[in-house]
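Asker: Provided herewith: final-v9.txt, compact mmCIF, C-alpha atoms.
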```
# COMPACT_ATOMS: atom_id res chain seq x y z
CA MET A 1 20.75 -111.84 -152.82
CA ALA A 2 19.60 -112.49 -149.28
CA THR A 3 20.59 -115.51 -147.23
CA ALA A 4 20.14 -116.90 -143.74
CA VAL A 5 23.58 -118.55 -143.99
CA ALA A 6 26.37 -116.78 -142.08
CA MET A 7 28.80 -115.01 -144.40
CA ASN A 8 31.73 -116.70 -142.66
CA SER A 9 30.35 -119.92 -144.18
CA VAL A 10 30.86 -118.80 -147.80
CA ILE A 11 32.34 -121.58 -149.91
CA HIS A 12 34.91 -120.46 -152.50
CA THR A 13 35.69 -122.83 -155.35
CA PRO A 14 38.29 -121.61 -157.86
CA LEU A 15 38.95 -123.69 -161.00
CA SER A 16 41.10 -122.90 -164.02
CA ALA A 17 42.64 -124.54 -167.05
CA GLY A 18 44.80 -122.74 -169.58
CA ASN A 19 43.34 -119.31 -170.25
CA VAL A 20 39.89 -119.99 -168.76
CA GLY A 21 38.92 -119.64 -165.14
CA VAL A 22 35.90 -119.77 -162.87
CA ASN A 23 35.44 -118.77 -159.24
CA CYS A 24 32.26 -119.84 -157.49
CA PHE A 25 31.28 -118.21 -154.19
CA ALA A 26 28.30 -119.92 -152.55
CA THR A 27 26.24 -119.86 -149.41
CA VAL A 28 24.37 -123.11 -148.88
CA GLY A 29 21.35 -123.67 -146.66
CA CYS A 30 18.51 -126.13 -147.29
CA GLY A 31 15.94 -125.27 -144.61
CA ASN A 32 13.32 -124.71 -147.31
CA ALA A 33 14.50 -127.29 -149.85
CA LEU A 34 12.02 -127.90 -152.65
CA SER A 35 11.68 -129.95 -155.79
CA VAL A 36 10.79 -128.15 -158.98
CA GLY A 37 7.00 -128.31 -159.31
CA ASP A 38 6.27 -128.70 -155.59
CA PRO A 39 3.02 -127.00 -154.47
CA ALA A 40 3.37 -123.31 -153.70
CA SER A 41 3.88 -122.71 -149.98
CA VAL A 42 3.11 -118.97 -149.84
CA THR A 43 0.88 -116.51 -151.65
CA LEU A 44 1.38 -112.82 -152.26
CA GLU A 45 -1.07 -112.12 -149.43
CA GLU A 46 0.82 -114.25 -146.89
CA PRO A 47 4.08 -113.22 -145.25
CA VAL A 48 7.16 -115.18 -146.24
CA PRO A 49 8.28 -117.56 -143.45
CA SER A 50 11.09 -116.07 -141.38
CA ARG A 51 13.33 -119.17 -141.39
CA LEU A 52 14.30 -119.38 -145.04
CA HIS A 53 17.58 -120.85 -146.18
CA THR A 54 18.89 -120.53 -149.67
CA ILE A 55 21.61 -121.59 -152.06
CA ASN A 56 23.16 -118.48 -153.56
CA MET A 57 26.01 -118.63 -156.05
CA THR A 58 28.09 -115.91 -157.64
CA LEU A 59 30.38 -117.11 -160.40
CA THR A 60 33.16 -115.06 -161.96
CA VAL A 61 34.04 -116.29 -165.45
CA GLN A 62 37.03 -115.45 -167.62
CA PRO A 63 37.07 -115.00 -170.56
CA GLY A 64 33.92 -112.95 -170.56
CA LEU A 65 30.58 -114.11 -171.92
CA THR A 66 27.93 -112.62 -174.16
CA ASP A 67 24.45 -112.29 -172.71
CA GLU A 68 23.41 -115.49 -174.49
CA ALA A 69 26.38 -117.37 -173.08
CA MET A 70 25.53 -116.09 -169.57
CA VAL A 71 22.13 -117.78 -169.86
CA GLU A 72 23.95 -121.05 -170.58
CA ALA A 73 26.28 -120.41 -167.61
CA ILE A 74 23.29 -120.08 -165.27
CA GLN A 75 21.78 -123.29 -166.67
CA ILE A 76 25.02 -125.22 -166.15
CA ALA A 77 25.48 -123.82 -162.61
CA THR A 78 21.89 -124.86 -161.85
CA GLU A 79 22.64 -128.39 -163.02
CA GLY A 80 25.69 -128.43 -160.72
CA ARG A 81 23.48 -127.46 -157.77
CA VAL A 82 20.90 -130.12 -158.63
CA ARG A 83 23.60 -132.80 -158.92
CA ALA A 84 24.99 -131.94 -155.48
CA LEU A 85 21.52 -132.01 -153.87
CA TYR A 86 20.66 -135.30 -155.58
CA GLU A 87 23.88 -136.99 -154.52
CA ALA A 88 23.41 -135.81 -150.94
CA GLY A 89 19.85 -137.16 -150.90
CA ILE A 90 18.32 -133.83 -149.85
CA GLN A 91 14.51 -134.16 -149.74
CA SER A 92 11.96 -131.48 -150.44
CA SER A 93 10.50 -129.88 -147.31
CA LEU A 94 7.02 -130.09 -148.90
CA SER A 95 6.94 -133.44 -150.69
CA THR A 96 8.64 -136.82 -150.91
CA LEU A 97 10.64 -135.73 -153.96
CA THR A 98 14.37 -135.12 -154.12
CA ALA A 99 15.10 -131.41 -153.77
CA THR A 100 16.37 -129.49 -156.79
CA GLY A 101 17.04 -126.28 -154.85
CA THR A 102 15.29 -124.06 -152.36
CA GLY A 103 12.45 -121.62 -152.85
CA THR A 104 14.80 -118.64 -152.77
CA ASP A 105 17.95 -119.63 -154.73
CA CYS A 106 19.85 -117.06 -156.79
CA ILE A 107 22.70 -117.34 -159.28
CA ALA A 108 24.74 -114.40 -160.57
CA VAL A 109 27.42 -114.56 -163.26
CA VAL A 110 30.13 -111.91 -163.46
CA SER A 111 31.82 -111.76 -166.85
CA LEU A 112 35.50 -110.74 -166.57
CA GLY A 113 37.81 -109.45 -169.26
CA GLY A 114 37.16 -107.62 -172.51
CA GLU A 115 36.82 -110.75 -174.64
CA ARG A 116 33.30 -112.17 -174.88
CA GLU A 117 32.69 -115.84 -175.68
CA ARG A 118 29.59 -116.26 -177.85
CA TYR A 119 29.02 -119.93 -177.13
CA TYR A 120 30.16 -122.66 -174.86
CA GLY A 121 28.37 -125.51 -173.19
CA LYS A 122 29.02 -128.66 -171.20
CA HIS A 123 31.15 -129.96 -174.09
CA THR A 124 33.62 -127.07 -173.68
CA GLN A 125 36.30 -126.52 -171.05
CA LEU A 126 34.64 -123.36 -169.75
CA GLY A 127 31.29 -125.15 -169.44
CA GLU A 128 32.97 -128.00 -167.59
CA LEU A 129 34.61 -125.60 -165.14
CA ILE A 130 31.36 -123.73 -164.45
CA GLY A 131 29.51 -126.98 -163.77
CA ARG A 132 32.27 -128.43 -161.60
CA ALA A 133 32.72 -125.20 -159.61
CA ALA A 134 28.99 -124.94 -158.88
CA TYR A 135 28.76 -128.64 -158.01
CA PHE A 136 31.79 -128.59 -155.70
CA ALA A 137 30.66 -125.37 -154.00
CA VAL A 138 27.19 -126.75 -153.20
CA ARG A 139 28.53 -130.18 -152.27
CA ASN A 140 31.09 -128.65 -149.92
CA GLY A 141 28.50 -126.24 -148.50
CA LEU A 142 26.16 -129.14 -147.75
CA ALA A 143 29.02 -131.01 -146.06
CA GLN A 144 29.93 -127.92 -144.02
CA ALA A 145 26.31 -127.44 -142.91
CA SER A 146 25.99 -131.15 -142.05
CA ASN A 147 29.22 -131.09 -140.06
CA LYS A 148 27.74 -128.30 -137.94
CA ASN A 149 24.52 -130.30 -137.46
CA GLY A 150 25.76 -133.90 -137.49
CA ALA A 151 27.21 -136.26 -140.08
CA ALA A 152 28.18 -135.06 -143.55
CA PRO A 153 26.04 -136.22 -146.46
CA GLN A 154 27.35 -139.26 -148.26
CA SER A 155 27.80 -139.02 -152.02
CA LYS A 156 26.98 -142.09 -154.04
CA PHE A 157 28.84 -140.78 -157.08
CA HIS A 158 32.44 -139.90 -157.78
CA ASP A 159 33.85 -136.67 -159.19
CA ARG A 160 34.95 -138.30 -162.46
```
As structure tokens, how would this structure be written, given the file I've shared?
Answerer:
Amino acid sequence: MATAVAMNSVIHTPLSAGNVGVNCFATVGCGNALSVGDPASVTLEEPVPSRLHTINMTLTVQPGLTDEAMVEAIQIATEGRVRALYEAGIQSSLSTLTATGTGTDCIAVVSLGGERERYYGKHTQLGELIGRAAYFAVRNGLAQASNKNGAAPQSKFHDR
């Protein structure tokens, strides 16, 4: 994962309940915010612009997950990122659409412990924690970036 965000700006969001726990570590920059489906801005023949920002998340999850469950974890973390961008009103840098991420986002899931959960989703406690951790990390990263550059983004929704 590469990022233009300073490593001293990493957002750490730990959440746990009972025997399940999630830690989300995120760097949040939106200099190249895009909406899914925006027109391509570079080709393989063109150099990538030097001023790229990104939203990178690494989540540690316990109990561990099977490969199939990790795919679900990435989907839920992605939804958390999209929710935070939507609530903050972040616009695509290429269109008039609301951003759903940047052109260079990455998500990694680290599965901890010997036990491997085969399934979970947004209806389960582990799925809830993954979504909330990703959402809070991106929301807080956007607020931190806005505080450095001006006013913090206003959320029009509540946490619960």
Asker: Which polymer residues have any atom within 10 Å of an atom of Thr60 of chain A, counting all atoms listed in the file, with same-chain residues fewer than 3 positions away left out, as a list in words?
Answerer: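 These residues fall inside the cut-off: Pro14, Gly21, Val22, Asn23, Cys24, Phe25, Met57, Pro63, Gly64, Ala108, Val109, Val110, Ser111, Leu112 and Ile130 of chain A.
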Asker: For the residues in the current selection, export C-alpha atoms as an mmCIF file, in the frame of the given file.
Answerer:
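Everything below was put into result.cif:
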```cif
data_model
loop_
_atom_site.group_PDB
_atom_site.id
_atom_site.type_symbol
_atom_site.label_atom_id
_atom_site.label_comp_id
_atom_site.auth_asym_id
_atom_site.auth_seq_id
_atom_site.Cartn_x
_atom_site.Cartn_y
_atom_site.Cartn_z
ATOM 1 C CA PRO A 14 38.290 -121.610 -157.860
ATOM 2 C CA GLY A 21 38.920 -119.640 -165.140
ATOM 3 C CA VAL A 22 35.900 -119.770 -162.870
ATOM 4 C CA ASN A 23 35.440 -118.770 -159.240
ATOM 5 C CA CYS A 24 32.260 -119.840 -157.490
ATOM 6 C CA PHE A 25 31.280 -118.210 -154.190
ATOM 7 C CA MET A 57 26.010 -118.630 -156.050
ATOM 8 C CA PRO A 63 37.070 -115.000 -170.560
ATOM 9 C CA GLY A 64 33.920 -112.950 -170.560
ATOM 10 C CA ALA A 108 24.740 -114.400 -160.570
ATOM 11 C CA VAL A 109 27.420 -114.560 -163.260
ATOM 12 C CA VAL A 110 30.130 -111.910 -163.460
ATOM 13 C CA SER A 111 31.820 -111.760 -166.850
ATOM 14 C CA LEU A 112 35.500 -110.740 -166.570
ATOM 15 C CA ILE A 130 31.360 -123.730 -164.450
#
```
Asker: With all atoms listed in the file counted, which protein, DNA or RNA residues have an atom no more than 10 Å from (28.7, -124.7, -157.5) in the file frame? Please answer as a short mmCIF file (atom, residue, chain, number, x, y, z; two decimals) with C-alpha atoms, keeping the file's coordinate frame.
Answerer:
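Contents of result.cif, as written:
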```
data_model
loop_
_atom_site.label_atom_id
_atom_site.label_comp_id
_atom_site.auth_asym_id
_atom_site.auth_seq_id
_atom_site.Cartn_x
_atom_site.Cartn_y
_atom_site.Cartn_z
CA ILE A 11 32.34 -121.58 -149.91
CA HIS A 12 34.91 -120.46 -152.50
CA THR A 13 35.69 -122.83 -155.35
CA ASN A 23 35.44 -118.77 -159.24
CA CYS A 24 32.26 -119.84 -157.49
CA PHE A 25 31.28 -118.21 -154.19
CA ALA A 26 28.30 -119.92 -152.55
CA THR A 27 26.24 -119.86 -149.41
CA VAL A 28 24.37 -123.11 -148.88
CA ILE A 55 21.61 -121.59 -152.06
CA ASN A 56 23.16 -118.48 -153.56
CA MET A 57 26.01 -118.63 -156.05
CA THR A 58 28.09 -115.91 -157.64
CA LEU A 59 30.38 -117.11 -160.40
CA ILE A 76 25.02 -125.22 -166.15
CA ALA A 77 25.48 -123.82 -162.61
CA THR A 78 21.89 -124.86 -161.85
CA GLU A 79 22.64 -128.39 -163.02
CA GLY A 80 25.69 -128.43 -160.72
CA ARG A 81 23.48 -127.46 -157.77
CA VAL A 82 20.90 -130.12 -158.63
CA ARG A 83 23.60 -132.80 -158.92
CA ALA A 84 24.99 -131.94 -155.48
CA ILE A 107 22.70 -117.34 -159.28
CA LEU A 129 34.61 -125.60 -165.14
CA ILE A 130 31.36 -123.73 -164.45
CA GLY A 131 29.51 -126.98 -163.77
CA ARG A 132 32.27 -128.43 -161.60
CA ALA A 133 32.72 -125.20 -159.61
CA ALA A 134 28.99 -124.94 -158.88
CA TYR A 135 28.76 -128.64 -158.01
CA PHE A 136 31.79 -128.59 -155.70
CA ALA A 137 30.66 -125.37 -154.00
CA VAL A 138 27.19 -126.75 -153.20
CA ARG A 139 28.53 -130.18 -152.27
CA ASN A 140 31.09 -128.65 -149.92
CA GLY A 141 28.50 -126.24 -148.50
#
```
Asker: Using Å and a single decimal, report how far atom CA of Ala73 of chain A sits from atom CA of Gly114 of chain A.
Answerer: 17.5 Å
Asker: Which value, in Å to one decimal, gives the distance between atom CA of Asn19 of chain A and atom CA of Leu126 of chain A?
Answerer: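 Calculated distance between atom CA of Asn19 of chain A and atom CA of Leu126 of chain A is 9.6 Å.
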Asker: Taking only C-alpha atoms into account, which of A:Pro39, A:Gly31, A:Gly121, A:Gly127 comes nearest Thr102 of chain A?
Answerer: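 The shortest atom-to-atom distance to Thr102 of chain A comes from A:Gly31.
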Asker: What separation in Å, quoted to one decimal, exists between atom CA of Thr96 of chain A and atom CA of Leu142 of chain A?
Answerer: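 Separating atom CA of Thr96 of chain A from atom CA of Leu142 of chain A is a distance of 19.4 Å.
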Asker: Given only C-alpha atoms as the basis, pick out the residue of A:Leu85, A:Ala99, A:Ala17, A:Leu65 nearest to Gly37 of chain A.
Answerer: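 Comparing A:Leu85, A:Ala99, A:Ala17, A:Leu65 against Gly37 of chain A, the winner is A:Ala99.
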Asker: Using all atoms listed in the file, which residue out of A:Gln75, A:Gly103, A:Ser93, A:Met70 lies closest to Val42 of chain A?
Answerer: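 For Val42 of chain A, the nearest of the candidates is A:Gly103.
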Asker: Restricting the calculation to all atoms listed in the file: of A:Ile90, A:Ala143, A:Thr66, A:Asn32, which residue gets closest to Glu117 of chain A?
Answerer: A:Thr66
Asker: Return the single residue from A:Leu97, A:Leu15, A:Val10, A:Val61 that is closest to Gly29 of chain A, with distances computed using all atoms listed in the file.
Answerer: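 Result for the nearest residue to Gly29 of chain A: A:Val10.
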